[in-house]
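Below: upload15.cif (mmCIF, C-alpha atoms (C1' of nucleotides))
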```cif
data_upload
#
loop_
_atom_site.label_atom_id
_atom_site.label_comp_id
_atom_site.auth_asym_id
_atom_site.auth_seq_id
_atom_site.Cartn_x
_atom_site.Cartn_y
_atom_site.Cartn_z
CA MET A 1 48.39 -13.48 -2.36
CA SER A 2 44.99 -12.28 -3.46
CA PRO A 3 42.89 -14.51 -5.68
CA ARG A 4 42.58 -13.57 -9.33
CA HIS A 5 39.06 -12.37 -8.73
CA SER A 6 38.80 -10.78 -5.33
CA ALA A 7 35.56 -9.74 -3.73
CA ALA A 8 36.53 -6.11 -4.18
CA GLU A 9 37.08 -6.71 -7.87
CA ALA A 10 33.67 -8.36 -8.18
CA ALA A 11 32.08 -5.41 -6.42
CA ARG A 12 33.77 -3.01 -8.81
CA THR A 13 32.52 -4.97 -11.81
CA ARG A 14 29.04 -4.96 -10.38
CA GLU A 15 29.12 -1.23 -9.82
CA ARG A 16 30.40 -0.63 -13.33
CA ILE A 17 27.51 -2.63 -14.75
CA VAL A 18 24.92 -0.83 -12.66
CA ARG A 19 26.27 2.57 -13.64
CA ALA A 20 26.01 1.71 -17.33
CA ALA A 21 22.55 0.21 -16.79
CA VAL A 22 21.33 3.48 -15.25
CA LEU A 23 22.56 5.44 -18.26
CA ASP A 24 20.95 3.04 -20.73
CA ALA A 25 17.68 2.91 -18.82
CA SER A 26 17.57 6.70 -18.57
CA LEU A 27 17.48 6.96 -22.36
CA LEU A 28 15.62 3.78 -23.31
CA GLY A 29 13.50 3.12 -20.25
CA LEU A 30 13.91 0.18 -17.90
CA GLU A 31 11.98 -2.03 -20.29
CA GLY A 32 14.07 -0.83 -23.22
CA LEU A 33 17.32 -1.94 -21.62
CA THR A 34 18.54 -5.20 -23.17
CA VAL A 35 21.33 -7.29 -21.71
CA GLY A 36 22.81 -7.96 -25.15
CA ALA A 37 23.24 -4.30 -26.04
CA LEU A 38 24.54 -3.39 -22.59
CA ALA A 39 27.02 -6.28 -22.63
CA GLN A 40 28.31 -5.26 -26.03
CA ARG A 41 28.78 -1.66 -24.92
CA LEU A 42 30.79 -2.84 -21.91
CA GLY A 43 32.80 -5.40 -23.90
CA MET A 44 31.36 -8.25 -21.86
CA SER A 45 29.37 -11.36 -22.57
CA LYS A 46 25.68 -11.48 -21.70
CA ALA A 47 26.33 -14.20 -19.13
CA GLY A 48 29.05 -12.16 -17.47
CA LEU A 49 26.82 -9.12 -17.32
CA VAL A 50 23.76 -10.76 -15.82
CA GLY A 51 25.67 -13.21 -13.62
CA PRO A 52 26.30 -10.90 -10.64
CA PHE A 53 22.58 -10.14 -10.43
CA GLY A 54 20.94 -13.46 -11.28
CA SER A 55 18.49 -12.09 -13.82
CA ARG A 56 17.76 -9.05 -15.92
CA GLU A 57 14.97 -7.97 -13.60
CA ARG A 58 17.27 -7.93 -10.59
CA LEU A 59 19.75 -5.89 -12.59
CA LEU A 60 16.94 -3.44 -13.28
CA MET A 61 16.13 -3.33 -9.59
CA ALA A 62 19.76 -2.51 -8.79
CA ALA A 63 19.68 0.25 -11.42
CA LEU A 64 16.51 1.70 -9.89
CA ASP A 65 18.07 1.76 -6.43
CA GLN A 66 21.23 3.33 -7.81
CA ALA A 67 19.19 6.03 -9.56
CA CYS A 68 17.42 6.81 -6.29
CA GLU A 69 20.81 7.09 -4.60
CA ILE A 70 22.05 9.49 -7.29
CA PHE A 71 18.97 11.65 -6.85
CA ARG A 72 19.42 11.81 -3.09
CA ALA A 73 23.12 12.55 -3.33
CA ALA A 74 22.39 15.45 -5.70
CA VAL A 75 19.30 16.98 -4.10
CA THR A 76 18.95 16.14 -0.42
CA GLY A 77 22.56 15.22 0.37
CA PRO A 78 23.83 18.81 0.48
CA LEU A 79 21.16 19.71 3.07
CA GLU A 80 22.59 17.48 5.78
CA GLY A 81 23.19 19.40 8.97
CA LEU A 82 20.88 22.29 8.09
CA PRO A 83 17.98 22.66 10.52
CA PRO A 84 14.46 22.36 9.07
CA GLY A 85 12.91 25.65 8.10
CA PRO A 86 12.50 28.15 5.27
CA GLU A 87 16.24 28.42 4.62
CA ARG A 88 16.59 24.68 4.22
CA LEU A 89 13.48 24.44 2.03
CA GLY A 90 14.81 27.22 -0.20
CA ARG A 91 18.09 25.40 -0.63
CA LEU A 92 16.26 22.17 -1.38
CA ILE A 93 14.37 23.95 -4.16
CA ASP A 94 17.55 25.46 -5.58
CA GLY A 95 19.32 22.10 -5.57
CA TRP A 96 16.32 20.38 -7.09
CA VAL A 97 16.10 22.85 -9.97
CA GLU A 98 19.85 22.59 -10.51
CA TYR A 99 19.51 18.80 -10.62
CA LEU A 100 16.83 19.11 -13.30
CA ALA A 101 18.69 21.70 -15.36
CA ASP A 102 22.06 19.93 -15.27
CA CYS A 103 20.82 16.41 -14.84
CA PRO A 104 23.06 13.48 -13.86
CA PHE A 105 20.79 11.29 -16.03
CA PRO A 106 21.08 11.80 -19.79
CA GLY A 107 17.35 11.29 -20.35
CA GLY A 108 16.11 13.54 -17.54
CA CYS A 109 14.80 12.68 -14.09
CA PHE A 110 15.00 8.92 -13.77
CA ILE A 111 12.30 8.66 -11.11
CA THR A 112 9.78 10.64 -13.13
CA ALA A 113 10.43 8.50 -16.18
CA ALA A 114 10.22 5.29 -14.16
CA THR A 115 6.89 6.41 -12.70
CA SER A 116 5.25 6.70 -16.10
CA GLU A 117 6.78 3.46 -17.29
CA LEU A 118 6.07 1.27 -14.29
CA ASP A 119 2.79 2.59 -12.89
CA GLY A 120 0.73 0.25 -15.05
CA ARG A 121 2.94 -2.82 -14.65
CA PRO A 122 2.47 -4.72 -11.38
CA GLY A 123 5.61 -6.37 -10.05
CA PRO A 124 8.61 -5.90 -7.78
CA LEU A 125 9.96 -2.92 -9.75
CA ARG A 126 6.70 -1.04 -9.42
CA ASP A 127 6.47 -1.88 -5.72
CA ARG A 128 9.99 -0.61 -5.10
CA LEU A 129 9.38 2.59 -7.04
CA ARG A 130 6.20 3.20 -5.14
CA GLU A 131 8.14 2.97 -1.87
CA ILE A 132 10.76 5.38 -3.17
CA VAL A 133 8.25 7.96 -4.38
CA ALA A 134 6.07 7.73 -1.29
CA SER A 135 9.14 8.19 0.90
CA ASN A 136 10.37 11.20 -1.08
CA ARG A 137 6.91 12.76 -1.00
CA GLY A 138 6.60 12.26 2.72
CA ALA A 139 9.99 13.83 3.35
CA LEU A 140 9.06 16.77 1.15
CA ALA A 141 5.77 17.37 2.96
CA ALA A 142 7.67 17.32 6.26
CA GLU A 143 10.12 19.94 4.94
CA VAL A 144 7.19 22.12 3.90
CA ALA A 145 5.43 21.74 7.24
CA ALA A 146 8.61 22.61 9.13
CA ALA A 147 9.14 25.73 7.05
CA GLN A 148 5.53 26.84 7.49
CA THR A 149 5.88 26.98 11.28
CA ALA A 150 8.46 29.75 10.81
CA LEU A 151 6.53 31.66 8.15
CA PRO A 152 3.54 33.99 8.58
CA GLY A 153 0.19 32.28 7.93
CA PRO A 154 -2.30 31.30 6.78
CA HIS A 155 -0.78 28.35 4.93
CA ARG A 156 -1.93 25.98 2.22
CA PRO A 157 -2.06 22.36 3.42
CA ALA A 158 1.48 20.92 3.43
CA ALA A 159 0.41 17.92 1.33
CA GLU A 160 -0.99 20.29 -1.28
CA VAL A 161 2.22 22.31 -1.37
CA ALA A 162 4.22 19.09 -1.66
CA SER A 163 2.06 18.04 -4.62
CA THR A 164 2.65 21.42 -6.22
CA LEU A 165 6.43 21.17 -5.79
CA MET A 166 6.49 17.61 -7.13
CA GLY A 167 4.40 18.75 -10.08
CA LEU A 168 6.55 21.76 -10.81
CA SER A 169 9.60 19.51 -10.91
CA MET A 170 7.83 17.26 -13.44
CA ALA A 171 6.72 20.23 -15.52
CA ALA A 172 10.25 21.64 -15.54
CA ASN A 173 11.61 18.22 -16.51
CA GLN A 174 9.21 18.15 -19.48
CA GLU A 175 10.11 21.69 -20.51
CA ILE A 176 13.82 20.90 -20.34
CA GLN A 177 13.84 17.42 -21.85
CA LEU A 178 11.05 17.58 -24.44
CA LEU A 179 10.48 21.24 -25.21
CA ASP A 180 14.09 22.49 -24.92
CA ASP A 181 12.78 25.60 -23.19
CA PRO A 182 15.77 27.61 -21.89
CA SER A 183 13.59 29.61 -19.49
CA ALA A 184 12.29 26.50 -17.74
CA ALA A 185 14.76 26.40 -14.85
CA ALA A 186 14.37 30.03 -13.80
CA ARG A 187 10.58 29.80 -14.08
CA ALA A 188 10.52 26.60 -12.05
CA ARG A 189 12.62 28.17 -9.32
CA ASP A 190 10.31 31.17 -9.03
CA ALA A 191 7.17 29.05 -9.15
CA MET A 192 8.50 26.62 -6.53
CA ARG A 193 9.62 29.36 -4.16
CA HIS A 194 6.24 31.03 -4.54
CA ALA A 195 4.35 27.79 -3.98
CA ALA A 196 6.44 27.14 -0.87
CA GLY A 197 5.55 30.55 0.54
CA LEU A 198 9.13 31.78 0.34
CA LEU A 199 8.33 34.81 -1.84
CA GLY A 200 6.25 37.83 -1.00
CA SER A 201 2.87 38.18 -2.69
CA SER A 202 4.20 40.86 -5.04
CA MET B 1 -23.40 -3.87 -55.24
CA SER B 2 -20.65 -2.93 -52.82
CA PRO B 3 -17.28 -4.59 -53.10
CA ARG B 4 -16.36 -7.16 -50.50
CA HIS B 5 -14.01 -4.68 -48.87
CA SER B 6 -15.37 -1.18 -49.14
CA ALA B 7 -13.44 1.92 -48.20
CA ALA B 8 -15.73 2.40 -45.23
CA GLU B 9 -14.96 -1.12 -44.07
CA ALA B 10 -11.23 -0.47 -44.38
CA ALA B 11 -11.61 2.73 -42.35
CA ARG B 12 -13.48 0.84 -39.63
CA THR B 13 -10.75 -1.79 -39.49
CA ARG B 14 -8.13 0.90 -39.25
CA GLU B 15 -9.95 2.65 -36.44
CA ARG B 16 -10.39 -0.61 -34.56
CA ILE B 17 -6.65 -1.24 -34.78
CA VAL B 18 -5.76 2.27 -33.60
CA ARG B 19 -8.14 2.04 -30.67
CA ALA B 20 -6.56 -1.21 -29.51
CA ALA B 21 -3.08 0.20 -30.09
CA VAL B 22 -3.84 3.16 -27.81
CA LEU B 23 -4.95 0.81 -25.03
CA ASP B 24 -1.87 -1.39 -25.41
CA ALA B 25 0.51 1.57 -25.56
CA SER B 26 -1.10 3.14 -22.51
CA LEU B 27 -0.14 0.12 -20.42
CA LEU B 28 3.10 -0.97 -22.11
CA GLY B 29 4.39 2.27 -23.59
CA LEU B 30 4.68 3.01 -27.28
CA GLU B 31 7.94 1.08 -27.45
CA GLY B 32 6.39 -1.84 -25.57
CA LEU B 33 3.65 -2.30 -28.14
CA THR B 34 4.42 -5.26 -30.42
CA VAL B 35 2.54 -5.97 -33.60
CA GLY B 36 2.48 -9.70 -32.88
CA ALA B 37 0.75 -9.35 -29.52
CA LEU B 38 -1.67 -6.73 -30.80
CA ALA B 39 -2.56 -8.84 -33.83
CA GLN B 40 -3.20 -11.88 -31.69
CA ARG B 41 -5.45 -9.90 -29.35
CA LEU B 42 -7.47 -8.68 -32.35
CA GLY B 43 -7.56 -12.09 -34.04
CA MET B 44 -5.64 -10.78 -37.03
CA SER B 45 -2.37 -11.59 -38.74
CA LYS B 46 0.61 -9.31 -38.27
CA ALA B 47 0.55 -8.39 -41.95
CA GLY B 48 -3.14 -7.49 -41.78
CA LEU B 49 -2.58 -5.33 -38.74
CA VAL B 50 0.36 -3.33 -40.03
CA GLY B 51 -0.81 -3.17 -43.64
CA PRO B 52 -3.15 -0.17 -43.35
CA PHE B 53 -0.32 1.88 -41.82
CA GLY B 54 2.74 0.74 -43.73
CA SER B 55 4.95 0.17 -40.71
CA ARG B 56 4.83 -0.22 -36.96
CA GLU B 57 6.13 3.31 -36.45
CA ARG B 58 3.34 4.82 -38.50
CA LEU B 59 0.86 2.79 -36.48
CA LEU B 60 2.40 4.30 -33.34
CA MET B 61 2.06 7.76 -34.84
CA ALA B 62 -1.63 7.12 -35.51
CA ALA B 63 -2.03 5.93 -31.92
CA LEU B 64 -0.35 9.08 -30.60
CA ASP B 65 -2.64 11.31 -32.66
CA GLN B 66 -5.67 9.35 -31.52
CA ALA B 67 -4.62 9.71 -27.88
CA CYS B 68 -4.29 13.46 -28.35
CA GLU B 69 -7.78 13.50 -29.84
CA ILE B 70 -9.17 11.57 -26.86
CA PHE B 71 -7.55 14.03 -24.45
CA ARG B 72 -9.02 17.01 -26.28
CA ALA B 73 -12.46 15.47 -26.52
CA ALA B 74 -12.46 14.83 -22.79
CA VAL B 75 -10.89 18.03 -21.45
CA THR B 76 -11.21 20.95 -23.85
CA GLY B 77 -14.12 19.72 -25.96
CA PRO B 78 -16.81 20.53 -23.36
CA LEU B 79 -15.58 24.15 -23.17
CA GLU B 80 -16.58 25.00 -26.71
CA GLY B 81 -18.77 28.05 -26.84
CA LEU B 82 -17.79 29.32 -23.39
CA PRO B 83 -16.10 32.75 -23.49
CA PRO B 84 -12.54 32.96 -22.10
CA GLY B 85 -12.37 33.96 -18.45
CA PRO B 86 -12.35 32.66 -14.90
CA GLU B 87 -15.52 30.59 -15.36
CA ARG B 88 -14.09 28.80 -18.37
CA LEU B 89 -10.71 28.24 -16.67
CA GLY B 90 -12.47 26.78 -13.64
CA ARG B 91 -14.40 24.37 -15.82
CA LEU B 92 -11.23 23.41 -17.63
CA ILE B 93 -9.63 22.53 -14.31
CA ASP B 94 -12.64 20.50 -13.22
CA GLY B 95 -12.73 18.58 -16.48
CA TRP B 96 -8.99 18.01 -16.38
CA VAL B 97 -9.09 16.56 -12.87
CA GLU B 98 -12.08 14.42 -13.81
CA TYR B 99 -10.12 13.14 -16.84
CA LEU B 100 -7.22 12.17 -14.55
CA ALA B 101 -9.40 10.57 -11.89
CA ASP B 102 -11.56 8.58 -14.30
CA CYS B 103 -9.09 8.22 -17.10
CA PRO B 104 -10.02 7.06 -20.62
CA PHE B 105 -6.54 5.46 -20.78
CA PRO B 106 -6.01 2.39 -18.61
CA GLY B 107 -2.44 3.37 -17.75
CA GLY B 108 -3.09 7.03 -16.91
CA CYS B 109 -2.50 10.16 -18.97
CA PHE B 110 -1.14 9.03 -22.31
CA ILE B 111 0.60 12.31 -23.10
CA THR B 112 2.45 12.42 -19.79
CA ALA B 113 3.63 8.84 -20.27
CA ALA B 114 4.66 9.50 -23.85
CA THR B 115 6.65 12.55 -22.75
CA SER B 116 8.84 10.53 -20.42
CA GLU B 117 9.24 7.74 -22.94
CA LEU B 118 10.02 9.79 -26.03
CA ASP B 119 11.89 12.84 -24.74
CA GLY B 120 15.25 11.12 -25.10
CA ARG B 121 14.57 9.43 -28.44
CA PRO B 122 14.92 11.66 -31.47
CA GLY B 123 12.57 10.84 -34.33
CA PRO B 124 9.19 11.61 -35.84
CA LEU B 125 7.27 10.42 -32.78
CA ARG B 126 9.17 12.76 -30.49
CA ASP B 127 8.75 15.64 -32.93
CA ARG B 128 5.00 15.07 -33.12
CA LEU B 129 4.65 14.84 -29.36
CA ARG B 130 6.62 18.01 -28.93
CA GLU B 131 4.19 19.82 -31.22
CA ILE B 132 1.23 18.45 -29.28
CA VAL B 133 2.60 19.41 -25.87
CA ALA B 134 3.76 22.86 -26.99
CA SER B 135 0.33 23.51 -28.49
CA ASN B 136 -1.49 22.39 -25.36
CA ARG B 137 0.80 24.48 -23.17
CA GLY B 138 0.29 27.55 -25.32
CA ALA B 139 -3.48 27.15 -25.22
CA LEU B 140 -3.38 26.74 -21.46
CA ALA B 141 -1.28 29.87 -20.96
CA ALA B 142 -3.78 31.78 -23.11
CA GLU B 143 -6.65 30.56 -20.95
CA VAL B 144 -4.80 31.71 -17.85
CA ALA B 145 -4.01 35.12 -19.31
CA ALA B 146 -7.63 35.62 -20.36
CA ALA B 147 -8.87 34.75 -16.88
CA GLN B 148 -6.37 37.06 -15.21
CA THR B 149 -7.75 40.10 -17.04
CA ALA B 150 -11.03 39.56 -15.20
CA LEU B 151 -9.48 38.85 -11.80
CA PRO B 152 -8.04 41.31 -9.26
CA GLY B 153 -4.25 41.62 -9.46
CA PRO B 154 -1.37 41.39 -9.07
CA HIS B 155 -0.91 38.16 -11.05
CA ARG B 156 1.85 35.59 -11.38
CA PRO B 157 3.20 35.39 -14.94
CA ALA B 158 0.77 33.36 -17.08
CA ALA B 159 3.53 31.02 -18.27
CA GLU B 160 4.42 30.28 -14.66
CA VAL B 161 0.80 29.53 -13.80
CA ALA B 162 0.54 27.32 -16.87
CA SER B 163 3.64 25.40 -15.72
CA THR B 164 2.12 25.00 -12.29
CA LEU B 165 -1.14 23.64 -13.71
CA MET B 166 0.70 21.26 -16.04
CA GLY B 167 2.79 20.10 -13.10
CA LEU B 168 -0.18 19.62 -10.81
CA SER B 169 -1.80 17.43 -13.44
CA MET B 170 1.34 15.32 -13.62
CA ALA B 171 1.60 15.09 -9.84
CA ALA B 172 -2.04 14.04 -9.61
CA ASN B 173 -1.48 11.45 -12.33
CA GLN B 174 1.40 10.00 -10.30
CA GLU B 175 -0.63 9.99 -7.09
CA ILE B 176 -3.53 8.24 -8.82
CA GLN B 177 -1.64 5.76 -11.00
CA LEU B 178 1.39 4.87 -8.86
CA LEU B 179 0.50 5.76 -5.27
CA ASP B 180 -3.22 4.88 -5.35
CA ASP B 181 -3.90 7.96 -3.26
CA PRO B 182 -7.69 8.45 -3.03
CA SER B 183 -7.32 12.08 -1.95
CA ALA B 184 -5.32 13.03 -5.03
CA ALA B 185 -8.18 14.32 -7.18
CA ALA B 186 -9.68 16.62 -4.56
CA ARG B 187 -6.25 17.95 -3.60
CA ALA B 188 -5.35 18.55 -7.24
CA ARG B 189 -8.57 20.47 -7.83
CA ASP B 190 -7.96 22.75 -4.84
CA ALA B 191 -4.30 23.28 -5.72
CA MET B 192 -5.10 24.01 -9.36
CA ARG B 193 -7.87 26.47 -8.53
CA HIS B 194 -5.58 28.19 -6.06
CA ALA B 195 -2.69 28.34 -8.53
CA ALA B 196 -5.05 29.80 -11.14
CA GLY B 197 -6.12 32.55 -8.75
CA LEU B 198 -9.69 31.27 -8.59
CA LEU B 199 -9.74 30.86 -4.81
CA GLY B 200 -9.50 33.48 -2.11
CA SER B 201 -6.28 33.64 -0.10
CA SER B 202 -7.98 32.03 2.91
"C1'" DC C 1 34.15 -14.32 -16.44
"C1'" DC C 2 33.77 -16.97 -21.34
"C1'" DT C 3 31.57 -19.74 -25.60
"C1'" DA C 4 27.87 -21.98 -27.43
"C1'" DC C 5 23.61 -22.87 -27.51
"C1'" DC C 6 18.16 -23.04 -26.30
"C1'" DG C 7 13.21 -21.79 -27.78
"C1'" DA C 8 10.64 -17.70 -28.46
"C1'" DT C 9 9.70 -13.54 -30.49
"C1'" DC C 10 10.85 -9.34 -32.94
"C1'" DG C 11 9.44 -6.18 -37.38
"C1'" DG C 12 9.07 -6.86 -42.02
"C1'" DT C 13 8.16 -8.90 -46.69
"C1'" DA C 14 6.90 -12.01 -50.67
"C1'" DG C 15 3.19 -13.82 -52.83
"C1'" DG C 16 -1.34 -14.56 -53.14
"C1'" DC D 1 -6.82 -9.57 -45.44
"C1'" DC D 2 -4.06 -14.41 -45.19
"C1'" DT D 3 0.18 -17.97 -44.82
"C1'" DA D 4 4.82 -18.66 -44.82
"C1'" DC D 5 8.89 -17.18 -44.37
"C1'" DC D 6 13.33 -13.86 -43.65
"C1'" DG D 7 17.44 -12.50 -40.56
"C1'" DA D 8 18.05 -10.54 -36.14
"C1'" DT D 9 17.61 -10.40 -31.45
"C1'" DC D 10 15.44 -11.49 -27.07
"C1'" DG D 11 16.46 -13.49 -21.90
"C1'" DG D 12 18.33 -17.42 -20.13
"C1'" DT D 13 21.26 -21.62 -19.29
"C1'" DA D 14 24.76 -25.46 -19.62
"C1'" DG D 15 29.32 -26.27 -19.10
"C1'" DG D 16 33.65 -24.83 -18.33
#
```
Have the structure of the file written as structure tokens, please.
Amino acid sequence: MSPRHSAAEAARTRERIVRAAVLDASLLGLEGLTVGALAQRLGMSKAGLVGPFGSRERLLMAALDQACEIFRAAVTGPLEGLPPGPERLGRLIDGWVEYLADCPFPGGCFITAATSELDGRPGPLRDRLREIVASNRGALAAEVAAAQTALPGPHRPAAEVASTLMGLSMAANQEIQLLDDPSAAARARDAMRHAAGLLGSS
Amino acid sequence: MSPRHSAAEAARTRERIVRAAVLDASLLGLEGLTVGALAQRLGMSKAGLVGPFGSRERLLMAALDQACEIFRAAVTGPLEGLPPGPERLGRLIDGWVEYLADCPFPGGCFITAATSELDGRPGPLRDRLREIVASNRGALAAEVAAAQTALPGPHRPAAEVASTLMGLSMAANQEIQLLDDPSAAARARDAMRHAAGLLGSS
DNA sequence: CCTACCGATCGGTAGG
DNA sequence: CCTACCGATCGGTAGG
């Protein structure tokens, strides 16, 4: 006979809380998330909500990690098995733009928003985000470098192309989330493919 | 004989409050600014701090407008009198990168941070920010189009180049504020000049 | 997982 | 511009 509260049940509760925390933090920011409001929305007490994490800050950390996981599942997950090269980089760009245009986060790219919110606030959350962003940037520069070896030169420095692609994703996010510009996604796709060297010079 | 509290004195007080509010909001976000903490830092009462504005939200609006003014004074102000064209666009890029590298806001570009914070929160602050960003984007696209007429073609669409420049500024801001990357400014300058068509294809 | 509570702080206002 | 106060809410904890 299983206990009233099995470990699997506790894990499900935890996951349910984290999922709701990600949605709240996407709209209100990590700092704007309050345990009282989140508990009320889930029909739980504040103690029951924070309990599985120990503190609000560790709940925020779990939400940040979950957001990173959602990003990876949407953008880089579908590339698994494809060999590095122009084809893979092109698909990465398409998936990235699709992620921005039909975003799993209601408030737009979670990582971009967290960057602006946390970059001036020293602490564990900022440290973790810095790791996440540095890792994503490094992986992106490697994708660019791999594609360049199969494309005719000369090439821009891979780090510069990676910066351009990161920036274009942030610009598209702003155009979609703040400016409600319906042409943002198509423009971002063209600009990113061009910056990556995947389009002719025409 | 002047009254104890002249209009000029009131204006100075107001300006002093707005200046401090911009600094606080740059580090904590507009939502993170609290009138109690700001009043204590200025040695004032909460009522005295909010009084000249009527409410906290109108103080935030004044801070947003002031931040926009600071950005313009730093980046587009020095271009006054220069005719549109490649020379002017190049100087704009240089001033923009300099603004990001040696930023008048302690937490990095105020407008970029406000975008991420406000884009999911309907209200007067979001509406005002949207006007500011749309205006800046439009002016930038016009600068690009003017420069292109004096440069050998073919050209990328001006709106696409404007998106790329906006994005590169955001990427550089992230690299400077979150990643502490000392090569960010030089890379951003090269990438922006290249995106603007101001560099050869070498 | 809950109730019940802690001290602190929130934005705002009355009255001067 | 101040003091003194309002009701509401904050994150957290004790005890079960």
Contacts of region 167-174 of chain A at 7 Å (only C-alpha atoms (C1' of nucleotides); same-chain gap of 4+ positions) as an MDAnalysis selection string | (chainID A and resid 100 108:109 112 163 178:179 184:185 188 192) or (chainID B and resid 115 163:164 166:168 170:171)
Give one line per residue of chain A that approaches chain D to at most 12 Å, naming the two atoms of the closest pair and their distance in Å to one decimal, counting all atoms listed in the file; sort by chain then ascending residue number and deliver it as a Markdown table.
```
| residue | atom | partner | partner_atom | distance |
| --- | --- | --- | --- | --- |
| A:Gly32 | CA | D:DC10 | C1' | 11.4 |
| A:Leu33 | CA | D:DC10 | C1' | 11.2 |
| A:Thr34 | CA | D:DC10 | C1' | 8.0 |
| A:Val35 | CA | D:DG11 | C1' | 7.9 |
| A:Gly36 | CA | D:DC10 | C1' | 8.4 |
| A:Ala37 | CA | D:DT9 | C1' | 9.9 |
| A:Lys46 | CA | D:DG11 | C1' | 9.4 |
| A:Ala47 | CA | D:DG12 | C1' | 8.7 |
| A:Val50 | CA | D:DG12 | C1' | 9.6 |
| A:Gly51 | CA | D:DG12 | C1' | 10.7 |
| A:Gly54 | CA | D:DG12 | C1' | 10.0 |
| A:Ser55 | CA | D:DG12 | C1' | 8.3 |
| A:Arg56 | CA | D:DG11 | C1' | 7.6 |
| A:Glu57 | CA | D:DG11 | C1' | 10.1 |
```
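With distances taken over all atoms listed in the file, B:Leu27 is the one residue among B:Ala162, B:Ala196, B:Leu27, B:Leu59 lying closest to chain A.
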10 Å contact set for Thr13 (chain A), all atoms listed in the file, chain neighbours under 4 positions out, as a PyMOL selection string | chain A and resi 7-9+17-19+48-49+52
Can you write out the residues you just picked, keeping C-alpha atoms, as a PDB file, keeping the file's coordinate frame?
```pdb
ATOM      1  CA  ALA A   7      35.560  -9.740  -3.730  1.00  0.00           C
ATOM      2  CA  ALA A   8      36.530  -6.110  -4.180  1.00  0.00           C
ATOM      3  CA  GLU A   9      37.080  -6.710  -7.870  1.00  0.00           C
ATOM      4  CA  ILE A  17      27.510  -2.630 -14.750  1.00  0.00           C
ATOM      5  CA  VAL A  18      24.920  -0.830 -12.660  1.00  0.00           C
ATOM      6  CA  ARG A  19      26.270   2.570 -13.640  1.00  0.00           C
ATOM      7  CA  GLY A  48      29.050 -12.160 -17.470  1.00  0.00           C
ATOM      8  CA  LEU A  49      26.820  -9.120 -17.320  1.00  0.00           C
ATOM      9  CA  PRO A  52      26.300 -10.900 -10.640  1.00  0.00           C
TER      10      PRO A  52
END
```
Distance of CA of Leu129 (chain A) from CA of Glu80 (chain A), expressed in Å to one decimal place =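 Answer for the CA of Glu80 (chain A) to CA of Leu129 (chain A) separation: 23.7 Å.
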With distances taken over only C-alpha atoms, which of B:Asp94, B:Asp190, B:Glu175, B:Asp119 is nearest to chain A?
->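 Selected residue with least distance to chain A: B:Asp119.
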For CA of Cys103 (chain B) and CA of Leu79 (chain B), quote the distance in Å rounded to one decimal.
->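 CA of Cys103 (chain B) sits 18.2 Å away from CA of Leu79 (chain B).
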Nearest to chain A by atom-to-atom distance, counting all atoms listed in the file, from B:Arg128, B:Arg72, B:Arg91, B:Arg121 = B:Arg121
Pick from B:Ala114, B:Pro182, B:Gly197, B:Gly95, whichever lies nearest to Gly153 (chain B) using all atoms listed in the file =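 Under the stated criterion, the closest residue is B:Gly197.
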Answer as a count of residues only, residues within 10 Å of (7.6, 29.2, 3.7) using all atoms listed in the file = 25
Closest of A:Tyr99, A:Phe110, A:Phe71, A:Phe53 to chain B - atom-to-atom distances counting only C-alpha atoms =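 Smallest distance to chain B is found for A:Phe110.
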Suppose you want the space between CA of Gly107 (chain B) and CA of Gly120 (chain A); what is it in Å?
->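 CA of Gly120 (chain A) lies at a distance of 5.2 Å from CA of Gly107 (chain B).
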Around all the atoms of region 9-16 of chain D listed in the file, with 5 Å of room on each side, what axis-aligned box do you get, giving centre and edge lengths in Å to one decimal, as JSON?
```
{"center_x": 24.5, "center_y": -18.3, "center_z": -24.9, "size_x": 28.2, "size_y": 25.9, "size_z": 23.1}
```
Pull region 1-15 of chain C out of the block and emit C-alpha atoms (C1' of nucleotides), as a PDB file, in the first residue's frame.
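Below you can see selection.pdb, which holds the result:
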```pdb
ATOM      1  C1'  DC C   1       0.190  19.812   3.065  1.00  0.00           C
ATOM      2  C1'  DC C   2      -2.648  23.174   6.511  1.00  0.00           C
ATOM      3  C1'  DT C   3      -3.734  27.385   9.939  1.00  0.00           C
ATOM      4  C1'  DA C   4      -2.139  31.041  12.412  1.00  0.00           C
ATOM      5  C1'  DC C   5       0.902  34.041  13.255  1.00  0.00           C
ATOM      6  C1'  DC C   6       5.590  37.079  13.152  1.00  0.00           C
ATOM      7  C1'  DG C   7       7.856  41.776  12.112  1.00  0.00           C
ATOM      8  C1'  DA C   8       8.635  44.534   8.166  1.00  0.00           C
ATOM      9  C1'  DT C   9       7.327  47.066   4.400  1.00  0.00           C
ATOM     10  C1'  DC C  10       4.250  48.412   0.698  1.00  0.00           C
ATOM     11  C1'  DG C  11       1.705  52.836  -1.677  1.00  0.00           C
ATOM     12  C1'  DG C  12      -1.204  56.229  -0.216  1.00  0.00           C
ATOM     13  C1'  DT C  13      -3.581  59.878   2.590  1.00  0.00           C
ATOM     14  C1'  DA C  14      -5.090  63.180   6.321  1.00  0.00           C
ATOM     15  C1'  DG C  15      -3.766  67.127   8.424  1.00  0.00           C
TER      16       DG C  15
END
```
